[in-house]
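What follows is one structure encoded as structure tokens, with my remarks underneath.
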Amino acid sequence: MVTEHQEDYLRAIYLLQLKGTPFLTETAKYLKVSKASASQMAKTLAKEGYLRHQPYAPLSLTAKGKRLGKELTYKHRLIESFLAKVLKMPTASLHEEAHRLEHAFS
């Protein structure tokens, strides 16, 4: 079972991959975590088959990781849309609220 932190990393790497080839440093910066934390999580995700990771090389999601990253991104955007359109939530708080809720939704 994937933890909330693992989901956060997978979604971040998925989004960064859409823009190019993300390195560990970019991922750590995006998530506002230390490079050491990002490195440890990359090793964990690689061990579980979600990520291909070699030292000093860009991060690359496996098919399994890409599928989950895409699913998490879809769920996040769906929640943001619901919060904005149905609940009329202010735009400034949409992302953070959607982030909290995305882990609770099946």
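Residues in the structure tokens are numbered from 1 in each chain, the chains being A, B, ... in the order shown, and ligands are numbered from 1 in the order shown.
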
From chain A, collect each residue whose DSSP state is alpha helix (DSSP H) and return the set as a ChimeraX atom specification. /A:4-19,24-31,35-47,63-85,91-102

Contact residues around Thr3 in chain A with only C-alpha atoms at 12 Å, ignoring same-chain residues under 4 positions, as a ChimeraX atom specification: /A:7-10,41,44-45,48,103-104

Which residues are near range 25-30 of chain A? Cut-off 7 Å, only C-alpha atoms, ignore same chain within fewer than 6 positions. Put them as a PyMOL selection string. chain A and resi 12-13+38

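Taking CA of Glu4 in chain A and CA of Gln17 in chain A as endpoints, the distance between them is 19.8 Å.
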
Among listed residues A:Leu72, A:Phe23, A:Glu97, A:Thr62, nearest Ala84 in chain A (using only C-alpha atoms): A:Glu97

Which residues, written as a list of chain:residue names, have at least one atom at most 10 Å from Lys75 in chain A, with only C-alpha atoms counted and residues fewer than 6 positions away on the same chain left out? A:Gly69, A:Ser81, A:Ala98, A:His99, A:Leu101, A:Glu102, A:His103, A:Phe105, A:Ser106

Could you give me, as an MDAnalysis selection string, the residues within 9 Å of His95 in chain A, counting only C-alpha atoms and dropping anything in the same chain fewer than 3 positions from it? chainID A and resid 76:77 80 91:92 98:100

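Counting only C-alpha atoms and comparing A:Ala36, A:Ala42, A:Leu18, A:Met89, the residue that lies closest to His5 in chain A is A:Ala42.
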
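Pairwise distance (CA of Ala57 in chain A, CA of Glu71 in chain A) equals 25.2 Å.
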
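Among the candidates A:Val2, A:Val33, A:Leu94, A:Leu78, the one nearest to Gly49 in chain A when counting only C-alpha atoms is A:Val2.
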
Let's see if you can do this: from backbone DSSP, list all strand (DSSP E or B) residues in range 18-91 of chain A, as a PyMOL selection string. chain A and resi 51-52+60-61

Quick one, how far is CA of Ser93 in chain A from CA of Pro22 in chain A? 26.7 Å
